Amino acid sequence: MMDQLIVALGIAAFFAGMIDAVVGGGGLIQIPALFSAMPNMAPATLLGTNKFASVWGTVAAAHGYARKIRVQWSTALPAAIAAFALSFVGAYTVTHVSPDFFRKLLPVVLVAVAIYTLSKKDFGSVHAPVHAGRTEKIAAILVGSCIGFYDGFFGPGTGSFLVFLFVRFFGFDFLSSSAVAKVVNVACNVAALLWFGYSGHVLWQLGAVMAVCNVCGSLIGIRLAMRYGTGFVRVLFLIVVGSLIVKTTYDAFLR
């Protein structure tokens, strides 16, 4: 029985890594799989195990993108540092403030993101950065701070939000945005993992198996993104955002 459970979670981790490497949203697969497979386990432990498994896939994706395309490090690094710091603030805040407001607002924000992306047919098709120098660093820090806090405080859709923000406010195409988003995502995941690990909320052996599968899926996802380019990333982005809309609406209003 345990072997079947591990195999099922490994398969889920593989597909989560593949999708997450392209546009984010791997948690849509991996987290429900963990909660379904081990319903009696403490939620914090399942979330910690998810972070341990996914952080390695995110690192692999960031490294894979860096080898294949030019990552905008002048944007990625300030955003990643800010995200790392603010994710701790978000995690601390959630212990004092209920995230119910975010839970109800999130579907509305996601619908706006989907409508905006659909209405602009050339959105994210051309890589034409609009910031440089000090302005770029300040904008990157602001984005990293906001997303880092959100990831620590609440979290769903972090990777997809990053992709959208780097396209919308920095002028990147979808492929370049995914690359930068992975670097920032690494910072968010490492910060969260440090907290979960310190608190004893990680199943290390299961997480290690899922991490290997997540990395394998991530490598496949990078190959798909590189082969089919920005158009493929845009379509998958819309699919993931659509799935997030359904899930977050159910969680906020129907559960």
# chains A, B, ... in the order shown; residues from 1 in each chain; ligands from 1
>>> residues_around(residues="Val184 of chain A", least_positions_apart="6", cutoff="8 Å", atoms="only C-alpha atoms", output="PyMOL selection string")
chain A and resi 76-77+79-81+83+144
>>> write_last_selection(atoms="all heavy atoms", output="compact mmCIF listing (two decimals), in the first residue's frame")
# COMPACT_ATOMS: atom_id res chain seq x y z
N ALA A 76 16.06 39.83 -11.87
CA ALA A 76 15.82 38.61 -11.09
C ALA A 76 16.41 38.67 -9.69
O ALA A 76 15.75 38.30 -8.71
CB ALA A 76 16.35 37.40 -11.84
N LEU A 77 17.66 39.11 -9.56
CA LEU A 77 18.33 39.06 -8.26
C LEU A 77 17.73 40.01 -7.22
O LEU A 77 17.46 39.59 -6.09
CB LEU A 77 19.83 39.31 -8.43
CG LEU A 77 20.60 38.18 -9.14
CD1 LEU A 77 22.08 38.53 -9.25
CD2 LEU A 77 20.43 36.87 -8.38
N ALA A 79 14.71 41.15 -7.14
CA ALA A 79 13.38 40.63 -6.84
C ALA A 79 13.47 39.40 -5.94
O ALA A 79 12.67 39.23 -5.01
CB ALA A 79 12.64 40.29 -8.13
N ALA A 80 14.45 38.53 -6.20
CA ALA A 80 14.61 37.30 -5.41
C ALA A 80 15.00 37.62 -3.97
O ALA A 80 14.48 37.02 -3.02
CB ALA A 80 15.65 36.40 -6.05
N ILE A 81 15.92 38.55 -3.79
CA ILE A 81 16.35 38.93 -2.43
C ILE A 81 15.18 39.51 -1.64
O ILE A 81 14.96 39.17 -0.47
CB ILE A 81 17.53 39.92 -2.50
CG1 ILE A 81 18.77 39.22 -3.08
CG2 ILE A 81 17.84 40.49 -1.11
CD1 ILE A 81 19.90 40.17 -3.43
N ALA A 83 11.98 39.02 -2.23
CA ALA A 83 10.98 37.97 -2.02
C ALA A 83 11.39 37.07 -0.86
O ALA A 83 10.54 36.67 -0.04
CB ALA A 83 10.81 37.14 -3.29
N GLY A 144 9.20 41.81 -6.06
CA GLY A 144 9.67 40.73 -5.21
C GLY A 144 9.11 40.81 -3.80
O GLY A 144 8.74 39.79 -3.20
>>> residues_around(residues="Ile6 of chain A", least_positions_apart="5", cutoff="10 Å", atoms="only C-alpha atoms", output="JSON list (two decimals) with C-alpha atoms, in the first residue's frame")
[["chain", "number", "residue", "atom", "x", "y", "z"],
["A", 1, "MET", "CA", 0.00, 0.00, 0.00],
["A", 11, "ILE", "CA", 3.73, 10.75, -10.65],
["A", 12, "ALA", "CA", 1.94, 13.81, -9.25],
["A", 37, "ALA", "CA", -2.92, 10.47, -0.08],
["A", 206, "LEU", "CA", 9.01, 11.03, 0.95],
["A", 207, "GLY", "CA", 10.02, 14.57, -0.01],
["A", 209, "VAL", "CA", 11.49, 10.79, -3.72],
["A", 210, "MET", "CA", 9.03, 13.45, -4.85]]
>>> residues_around(residues="segment 41-55 of chain A", least_positions_apart="5", cutoff="10 Å", atoms="only C-alpha atoms", output="PyMOL selection string")
chain A and resi 10+13-14+16-17+20+26-27+30-35+60-61+182+185-197+199-215+218
>>> write_last_selection(atoms="C-alpha atoms", output="short mmCIF file (atom, residue, chain, number, x, y, z; two decimals), in the first residue's frame")
data_model
loop_
_atom_site.label_atom_id
_atom_site.label_comp_id
_atom_site.auth_asym_id
_atom_site.auth_seq_id
_atom_site.Cartn_x
_atom_site.Cartn_y
_atom_site.Cartn_z
CA GLY A 10 5.89 10.56 -7.52
CA ALA A 13 5.30 15.43 -8.47
CA PHE A 14 6.51 14.76 -12.03
CA ALA A 16 3.68 19.31 -11.06
CA GLY A 17 7.34 19.93 -11.89
CA ASP A 20 5.64 24.60 -12.74
CA GLY A 26 2.58 23.03 -9.88
CA GLY A 27 0.94 23.24 -6.47
CA GLN A 30 1.17 18.32 -5.91
CA ILE A 31 -0.62 19.76 -2.87
CA PRO A 32 -4.04 18.11 -3.51
CA ALA A 33 -2.20 14.82 -4.18
CA LEU A 34 -0.47 14.99 -0.80
CA PHE A 35 -3.65 15.90 1.08
CA ALA A 60 16.48 22.81 -11.83
CA ALA A 61 14.15 25.00 -13.89
CA LYS A 182 11.84 30.71 -11.47
CA ASN A 185 10.36 31.34 -6.89
CA VAL A 186 13.52 29.63 -5.64
CA ALA A 187 13.95 32.40 -3.06
CA CYS A 188 10.32 32.09 -1.90
CA ASN A 189 10.52 28.31 -1.65
CA VAL A 190 13.84 28.29 0.22
CA ALA A 191 12.51 30.80 2.76
CA ALA A 192 9.38 28.72 3.35
CA LEU A 193 11.38 25.48 3.52
CA LEU A 194 13.70 26.93 6.18
CA TRP A 195 10.67 27.68 8.32
CA PHE A 196 8.99 24.30 7.76
CA GLY A 197 12.25 22.42 8.30
CA SER A 199 9.49 23.59 12.76
CA GLY A 200 9.84 19.87 12.02
CA HIS A 201 7.15 19.88 9.35
CA VAL A 202 8.87 17.98 6.52
CA LEU A 203 8.68 14.26 5.64
CA TRP A 204 12.25 14.14 4.37
CA GLN A 205 12.31 10.65 2.81
CA LEU A 206 9.01 11.03 0.95
CA GLY A 207 10.02 14.57 -0.01
CA ALA A 208 13.29 13.30 -1.47
CA VAL A 209 11.49 10.79 -3.72
CA MET A 210 9.03 13.45 -4.85
CA ALA A 211 11.90 15.90 -5.39
CA VAL A 212 13.58 13.54 -7.88
CA CYS A 213 10.31 13.18 -9.78
CA ASN A 214 9.70 16.93 -9.63
CA VAL A 215 13.14 17.64 -11.10
CA SER A 218 10.89 20.22 -14.55
#
>>> residues_around(residues="segment 239-246 of chain A", least_positions_apart="2", cutoff="8 Å", atoms="only C-alpha atoms", output="PDB file with N, CA and C atoms, in the first residue's frame")
ATOM      1  N   VAL A  23       5.101  27.706 -16.356  1.00  0.00           N
ATOM      2  CA  VAL A  23       4.328  28.902 -15.966  1.00  0.00           C
ATOM      3  C   VAL A  23       3.985  28.957 -14.479  1.00  0.00           C
ATOM      4  N   GLY A  24       4.516  28.043 -13.671  1.00  0.00           N
ATOM      5  CA  GLY A  24       4.090  27.984 -12.287  1.00  0.00           C
ATOM      6  C   GLY A  24       2.781  27.222 -12.166  1.00  0.00           C
ATOM      7  N   GLY A  25       2.298  27.081 -10.936  1.00  0.00           N
ATOM      8  CA  GLY A  25       1.026  26.383 -10.737  1.00  0.00           C
ATOM      9  C   GLY A  25       1.161  24.914 -10.438  1.00  0.00           C
ATOM     10  N   LEU A  28      -1.067  23.162  -7.858  1.00  0.00           N
ATOM     11  CA  LEU A  28      -2.414  22.702  -8.201  1.00  0.00           C
ATOM     12  C   LEU A  28      -2.493  21.183  -8.262  1.00  0.00           C
ATOM     13  N   PRO A 107      -9.861  34.923  -6.536  1.00  0.00           N
ATOM     14  CA  PRO A 107     -10.525  34.581  -7.806  1.00  0.00           C
ATOM     15  C   PRO A 107     -10.796  35.801  -8.676  1.00  0.00           C
ATOM     16  N   LEU A 110      -7.536  36.859 -10.341  1.00  0.00           N
ATOM     17  CA  LEU A 110      -7.171  35.902 -11.387  1.00  0.00           C
ATOM     18  C   LEU A 110      -8.031  36.083 -12.640  1.00  0.00           C
ATOM     19  N   VAL A 111      -9.315  36.359 -12.451  1.00  0.00           N
ATOM     20  CA  VAL A 111     -10.194  36.621 -13.603  1.00  0.00           C
ATOM     21  C   VAL A 111      -9.697  37.857 -14.359  1.00  0.00           C
ATOM     22  N   ALA A 114      -6.676  36.901 -16.399  1.00  0.00           N
ATOM     23  CA  ALA A 114      -7.044  36.125 -17.590  1.00  0.00           C
ATOM     24  C   ALA A 114      -7.652  37.016 -18.667  1.00  0.00           C
ATOM     25  N   PRO A 156      -1.263  30.604  -3.136  1.00  0.00           N
ATOM     26  CA  PRO A 156      -1.701  30.015  -4.410  1.00  0.00           C
ATOM     27  C   PRO A 156      -1.457  30.915  -5.614  1.00  0.00           C
ATOM     28  N   GLY A 157      -0.897  30.342  -6.675  1.00  0.00           N
ATOM     29  CA  GLY A 157      -0.698  31.090  -7.917  1.00  0.00           C
ATOM     30  C   GLY A 157       0.517  31.987  -7.941  1.00  0.00           C
ATOM     31  N   SER A 160       2.491  31.926 -11.267  1.00  0.00           N
ATOM     32  CA  SER A 160       1.733  32.519 -12.374  1.00  0.00           C
ATOM     33  C   SER A 160       1.651  34.037 -12.239  1.00  0.00           C
ATOM     34  N   VAL A 235      -0.331  29.925 -23.821  1.00  0.00           N
ATOM     35  CA  VAL A 235      -1.503  29.040 -23.767  1.00  0.00           C
ATOM     36  C   VAL A 235      -1.531  28.282 -22.444  1.00  0.00           C
ATOM     37  N   LEU A 236      -0.395  27.727 -22.031  1.00  0.00           N
ATOM     38  CA  LEU A 236      -0.347  26.988 -20.775  1.00  0.00           C
ATOM     39  C   LEU A 236      -0.615  27.914 -19.587  1.00  0.00           C
ATOM     40  N   PHE A 237      -0.134  29.147 -19.687  1.00  0.00           N
ATOM     41  CA  PHE A 237      -0.395  30.143 -18.649  1.00  0.00           C
ATOM     42  C   PHE A 237      -1.893  30.347 -18.464  1.00  0.00           C
ATOM     43  N   THR A 248      -9.767  28.328  -6.677  1.00  0.00           N
ATOM     44  CA  THR A 248      -9.844  29.367  -5.636  1.00  0.00           C
ATOM     45  C   THR A 248     -11.282  29.829  -5.408  1.00  0.00           C
ATOM     46  N   THR A 249     -12.108  29.808  -6.463  1.00  0.00           N
ATOM     47  CA  THR A 249     -13.526  30.146  -6.293  1.00  0.00           C
ATOM     48  C   THR A 249     -14.214  29.102  -5.419  1.00  0.00           C
ATOM     49  N   TYR A 250     -13.920  27.848  -5.677  1.00  0.00           N
ATOM     50  CA  TYR A 250     -14.482  26.769  -4.850  1.00  0.00           C
ATOM     51  C   TYR A 250     -14.035  26.901  -3.396  1.00  0.00           C
TER      52      TYR A 250
END
>>> select_by_dssp(residues="segment 15-197 of chain A", states="alpha helix (DSSP H)", output="JSON, numbers by chain")
{"A": [15, 16, 17, 18, 19, 20, 21, 22, 23, 27, 28, 29, 30, 31, 32, 33, 34, 35, 36, 37, 43, 44, 45, 46, 47, 48, 49, 50, 51, 52, 53, 54, 55, 56, 57, 58, 59, 60, 61, 62, 63, 64, 65, 66, 67, 68, 73, 74, 75, 76, 77, 78, 79, 80, 81, 82, 83, 84, 85, 86, 87, 88, 89, 90, 91, 92, 93, 94, 100, 101, 102, 103, 104, 105, 106, 107, 108, 109, 110, 111, 112, 113, 114, 115, 116, 117, 118, 119, 133, 134, 135, 136, 137, 138, 139, 140, 141, 142, 143, 144, 145, 146, 147, 148, 149, 150, 151, 152, 153, 158, 159, 160, 161, 162, 163, 164, 165, 166, 167, 168, 169, 170, 174, 175, 176, 177, 178, 179, 180, 181, 182, 183, 184, 185, 186, 187, 188, 189, 190, 191, 192, 193, 194, 195, 196, 197]}
>>> residues_around(residues="segment 68-75 of chain A", least_positions_apart="4", cutoff="10 Å", atoms="only C-alpha atoms", output="ChimeraX atom specification")
/A:62-64,79-80,129,131-134,136-141,143-144,166,170,172,175-181,183-184,222-223,226
>>> atom_distance(atom1="atom CA of Asp100 of chain A", atom2="atom CA of Phe154 of chain A")
9.4 Å
>>> closest_residue(among="A:Ile19, A:Met2, A:Asn40, A:Ala225", to="Tyr65 of chain A", atoms="only C-alpha atoms")
A:Ala225
>>> atom_distance(atom1="atom CA of Val233 of chain A", atom2="atom CA of Tyr150 of chain A")
23.4 Å
>>> atom_distance(atom1="atom CA of Leu162 of chain A", atom2="atom CA of Ile147 of chain A")
7.3 Å
>>> residues_around(residues="Ser87 of chain A", least_positions_apart="3", cutoff="6 Å", atoms="only C-alpha atoms", output="number ranges by chain")
A: 83-84, 90, 148-149, 152
